[in-house]
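Everything below concerns the one structure shown next.
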Amino acid sequence: GESGEAMTIKEIREMKTEELHSELDRLRRHVFDLRSQAVTAKLQNPHLLTAAKRDIARIFTVLRERNETDIEQKQYHMEALATHQKVRK
(Lines give C-alpha, C1' and ligand atoms only; values in the text may rest on other atoms or scores of the structure.)
Protein backbone atom coordinates (compact mmCIF):
# COMPACT_ATOMS: atom_id res chain seq x y z
CA GLY A 1 0.00 0.00 0.00
CA GLU A 2 0.85 3.69 -0.08
CA SER A 3 2.92 4.95 2.82
CA GLY A 4 0.64 5.73 5.72
CA GLU A 5 -2.07 3.50 4.27
CA ALA A 6 -2.67 0.14 5.88
CA MET A 7 -2.15 -2.84 3.62
CA THR A 8 -4.99 -5.23 2.99
CA ILE A 9 -4.66 -8.86 4.01
CA LYS A 10 -4.97 -9.67 0.29
CA GLU A 11 -1.93 -7.55 -0.57
CA ILE A 12 0.02 -9.18 2.23
CA ARG A 13 -0.92 -12.68 1.07
CA GLU A 14 0.40 -11.85 -2.41
CA MET A 15 3.87 -11.07 -1.04
CA LYS A 16 6.69 -13.59 -0.82
CA THR A 17 7.67 -14.81 2.63
CA GLU A 18 11.05 -13.07 2.54
CA GLU A 19 9.33 -9.86 1.42
CA LEU A 20 7.04 -10.15 4.43
CA HIS A 21 10.02 -10.52 6.74
CA SER A 22 11.64 -7.37 5.39
CA GLU A 23 8.32 -5.52 5.48
CA LEU A 24 7.93 -6.60 9.10
CA ASP A 25 11.41 -5.26 9.78
CA ARG A 26 10.58 -1.94 8.09
CA LEU A 27 7.28 -1.59 9.98
CA ARG A 28 8.94 -2.32 13.31
CA ARG A 29 11.47 0.44 12.70
CA HIS A 30 8.62 2.69 11.59
CA VAL A 31 6.72 1.96 14.83
CA PHE A 32 9.90 2.51 16.82
CA ASP A 33 10.38 5.92 15.15
CA LEU A 34 6.74 6.85 15.70
CA ARG A 35 6.99 5.85 19.35
CA SER A 36 10.08 8.01 19.80
CA GLN A 37 8.20 10.91 18.22
CA ALA A 38 5.21 10.25 20.47
CA VAL A 39 7.47 10.41 23.52
CA THR A 40 8.77 13.82 22.45
CA ALA A 41 5.19 14.90 21.61
CA LYS A 42 6.09 15.50 17.95
CA LEU A 43 3.75 12.81 16.64
CA GLN A 44 1.11 14.57 14.53
CA ASN A 45 -0.77 11.49 13.42
CA PRO A 46 -1.39 8.96 16.19
CA HIS A 47 -3.36 6.88 13.67
CA LEU A 48 -0.09 6.12 11.83
CA LEU A 49 1.01 4.11 14.84
CA THR A 50 -2.29 2.23 14.89
CA ALA A 51 -2.10 1.53 11.16
CA ALA A 52 1.49 0.27 11.40
CA LYS A 53 0.63 -2.01 14.32
CA ARG A 54 -2.34 -3.37 12.38
CA ASP A 55 -0.09 -4.12 9.39
CA ILE A 56 2.36 -5.91 11.68
CA ALA A 57 -0.48 -8.02 13.10
CA ARG A 58 -1.69 -8.89 9.61
CA ILE A 59 1.78 -9.89 8.46
CA PHE A 60 2.13 -12.09 11.55
CA THR A 61 -1.17 -13.76 10.67
CA VAL A 62 -0.03 -14.53 7.13
CA LEU A 63 3.40 -15.75 8.26
CA ARG A 64 1.73 -18.10 10.75
CA GLU A 65 -0.52 -19.42 7.98
CA ARG A 66 2.67 -20.24 6.09
CA ASN A 67 4.01 -22.06 9.14
CA GLU A 68 6.89 -19.66 9.64
CA THR A 69 7.87 -20.71 13.13
CA ASP A 70 10.84 -18.47 13.89
CA ILE A 71 8.98 -15.17 13.64
CA GLU A 72 8.50 -14.90 17.39
CA GLN A 73 12.22 -15.44 17.94
CA LYS A 74 12.97 -12.69 15.42
CA GLN A 75 10.40 -10.49 17.11
CA TYR A 76 12.02 -10.90 20.54
CA HIS A 77 15.44 -10.27 19.05
CA MET A 78 14.20 -7.00 17.50
CA GLU A 79 12.43 -5.96 20.72
CA ALA A 80 15.52 -6.78 22.76
CA LEU A 81 17.67 -4.64 20.48
CA ALA A 82 15.18 -1.77 20.64
CA THR A 83 14.93 -1.97 24.42
CA HIS A 84 18.69 -2.18 24.71
CA GLN A 85 19.09 1.02 22.70
CA LYS A 86 16.56 2.80 24.89
CA VAL A 87 18.29 1.83 28.13
CA ARG A 88 21.63 3.17 26.94
CA LYS A 89 20.40 6.76 26.49
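How things are named: the first chain in the C-alpha coordinates is A, the next is B, and so on; residues count from 1 in each chain; ligands count from 1 in the order shown.
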
* Tell me, as a PyMOL selection string, which residues lie within 10 Å of Asp33 in chain A, counting only C-alpha atoms; anything in the same chain fewer than 5 positions away does not count. => chain A and resi 27-28+38-39+43+49

Store the residues picked out above in a file with N, CA, C and O atoms, as a JSON list (two decimals), in the first residue's frame.
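Written out: again.json:
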[["chain", "number", "residue", "atom", "x", "y", "z"],
["A", 27, "LEU", "N", 8.39, -2.06, 9.15],
["A", 27, "LEU", "CA", 7.28, -1.59, 9.98],
["A", 27, "LEU", "C", 7.68, -1.45, 11.44],
["A", 27, "LEU", "O", 7.29, -0.51, 12.11],
["A", 28, "ARG", "N", 8.50, -2.39, 11.92],
["A", 28, "ARG", "CA", 8.94, -2.32, 13.31],
["A", 28, "ARG", "C", 9.76, -1.06, 13.54],
["A", 28, "ARG", "O", 9.61, -0.38, 14.54],
["A", 38, "ALA", "N", 6.32, 10.12, 19.53],
["A", 38, "ALA", "CA", 5.21, 10.25, 20.47],
["A", 38, "ALA", "C", 5.72, 10.67, 21.84],
["A", 38, "ALA", "O", 5.11, 11.48, 22.53],
["A", 39, "VAL", "N", 6.87, 10.09, 22.23],
["A", 39, "VAL", "CA", 7.47, 10.41, 23.52],
["A", 39, "VAL", "C", 7.85, 11.89, 23.58],
["A", 39, "VAL", "O", 7.64, 12.56, 24.58],
["A", 43, "LEU", "N", 4.55, 13.67, 17.50],
["A", 43, "LEU", "CA", 3.75, 12.81, 16.64],
["A", 43, "LEU", "C", 2.43, 13.48, 16.26],
["A", 43, "LEU", "O", 1.55, 13.63, 17.10],
["A", 49, "LEU", "N", 0.53, 5.15, 13.95],
["A", 49, "LEU", "CA", 1.01, 4.11, 14.84],
["A", 49, "LEU", "C", 0.03, 2.93, 14.84],
["A", 49, "LEU", "O", 0.43, 1.78, 14.73]]

* Asked: Which residues come within 10 Å of range 60-64 of chain A, counting only C-alpha atoms, excluding same-chain residues fewer than 4 positions away, as a list in words?
  -> Ile9, Lys10, Ile12, Arg13, Glu14, Met15, Lys16, Thr17, Glu18, Leu20, His21, Leu24, Arg54, Asp55, Ile56, Glu68, Thr69, Asp70, Ile71 and Glu72 of chain A

Take the selection from the previous step and output its residues with N, CA, C and O atoms, as a CSV table (one decimal), in the first residue's frame.
chain,number,residue,atom,x,y,z
A,9,ILE,N,-5.1,-7.5,3.8
A,9,ILE,CA,-4.7,-8.9,4.0
A,9,ILE,C,-4.4,-9.5,2.7
A,9,ILE,O,-3.5,-10.3,2.5
A,10,LYS,N,-5.2,-9.1,1.6
A,10,LYS,CA,-5.0,-9.7,0.3
A,10,LYS,C,-3.6,-9.3,-0.3
A,10,LYS,O,-2.9,-10.1,-0.8
A,12,ILE,N,-1.0,-8.5,1.4
A,12,ILE,CA,0.0,-9.2,2.2
A,12,ILE,C,0.2,-10.6,1.8
A,12,ILE,O,1.3,-11.1,1.6
A,13,ARG,N,-1.0,-11.3,1.5
A,13,ARG,CA,-0.9,-12.7,1.1
A,13,ARG,C,-0.2,-12.8,-0.3
A,13,ARG,O,0.3,-13.9,-0.6
A,14,GLU,N,-0.2,-11.8,-1.1
A,14,GLU,CA,0.4,-11.8,-2.4
A,14,GLU,C,1.9,-11.7,-2.3
A,14,GLU,O,2.6,-11.9,-3.3
A,15,MET,N,2.4,-11.3,-1.2
A,15,MET,CA,3.9,-11.1,-1.0
A,15,MET,C,4.6,-12.4,-0.7
A,15,MET,O,4.0,-13.3,-0.1
A,16,LYS,N,5.9,-12.4,-1.1
A,16,LYS,CA,6.7,-13.6,-0.8
A,16,LYS,C,7.0,-13.5,0.7
A,16,LYS,O,7.1,-12.5,1.2
A,17,THR,N,7.3,-14.7,1.2
A,17,THR,CA,7.7,-14.8,2.6
A,17,THR,C,8.8,-13.9,3.0
A,17,THR,O,8.8,-13.2,4.0
A,18,GLU,N,9.9,-13.9,2.2
A,18,GLU,CA,11.0,-13.1,2.5
A,18,GLU,C,10.7,-11.6,2.4
A,18,GLU,O,11.2,-10.8,3.2
A,20,LEU,N,7.8,-10.4,3.2
A,20,LEU,CA,7.0,-10.2,4.4
A,20,LEU,C,8.0,-9.9,5.6
A,20,LEU,O,7.8,-9.0,6.4
A,21,HIS,N,9.1,-10.7,5.7
A,21,HIS,CA,10.0,-10.5,6.7
A,21,HIS,C,10.7,-9.1,6.7
A,21,HIS,O,10.8,-8.5,7.7
A,24,LEU,N,8.1,-6.6,7.7
A,24,LEU,CA,7.9,-6.6,9.1
A,24,LEU,C,9.0,-5.8,9.8
A,24,LEU,O,8.8,-5.0,10.7
A,54,ARG,N,-1.4,-2.5,13.0
A,54,ARG,CA,-2.3,-3.4,12.4
A,54,ARG,C,-1.7,-4.1,11.2
A,54,ARG,O,-1.9,-5.3,11.1
A,55,ASP,N,-0.8,-3.5,10.5
A,55,ASP,CA,-0.1,-4.1,9.4
A,55,ASP,C,0.8,-5.2,10.0
A,55,ASP,O,0.9,-6.3,9.4
A,56,ILE,N,1.5,-4.9,11.1
A,56,ILE,CA,2.4,-5.9,11.7
A,56,ILE,C,1.5,-7.1,12.1
A,56,ILE,O,1.9,-8.3,11.8
A,68,GLU,N,5.6,-20.2,9.3
A,68,GLU,CA,6.9,-19.7,9.6
A,68,GLU,C,7.0,-19.7,11.2
A,68,GLU,O,6.2,-19.0,11.9
A,69,THR,N,7.9,-20.5,11.7
A,69,THR,CA,7.9,-20.7,13.1
A,69,THR,C,8.9,-19.8,13.9
A,69,THR,O,8.7,-19.6,15.1
A,70,ASP,N,9.8,-19.3,13.2
A,70,ASP,CA,10.8,-18.5,13.9
A,70,ASP,C,10.5,-17.0,14.0
A,70,ASP,O,11.4,-16.2,14.4
A,71,ILE,N,9.3,-16.6,13.6
A,71,ILE,CA,9.0,-15.2,13.6
A,71,ILE,C,9.0,-14.6,15.1
A,71,ILE,O,9.4,-13.5,15.3
A,72,GLU,N,8.5,-15.4,16.0
A,72,GLU,CA,8.5,-14.9,17.4
A,72,GLU,C,9.9,-14.7,17.9
A,72,GLU,O,10.2,-13.7,18.5

* Which of range 4-80 of chain A counts as alpha helix (DSSP H) under DSSP, as a PyMOL selection string please? -> chain A and resi 9-13+17-39+46-65+71-80

* Work out how far apart CA of Arg35 in chain A and CA of Glu11 in chain A are and give it in Å to one decimal. => 25.6 Å

* To do: Calculate how many Å separate CA of Asp25 in chain A from CA of Lys53 in chain A, rounding to one decimal.
  =>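 Pair CA of Asp25 in chain A / CA of Lys53 in chain A returns 12.1 Å.
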
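CA of Ser36 in chain A to CA of Ile59 in chain A spans 22.8 Å [interatomic distance, one decimal].
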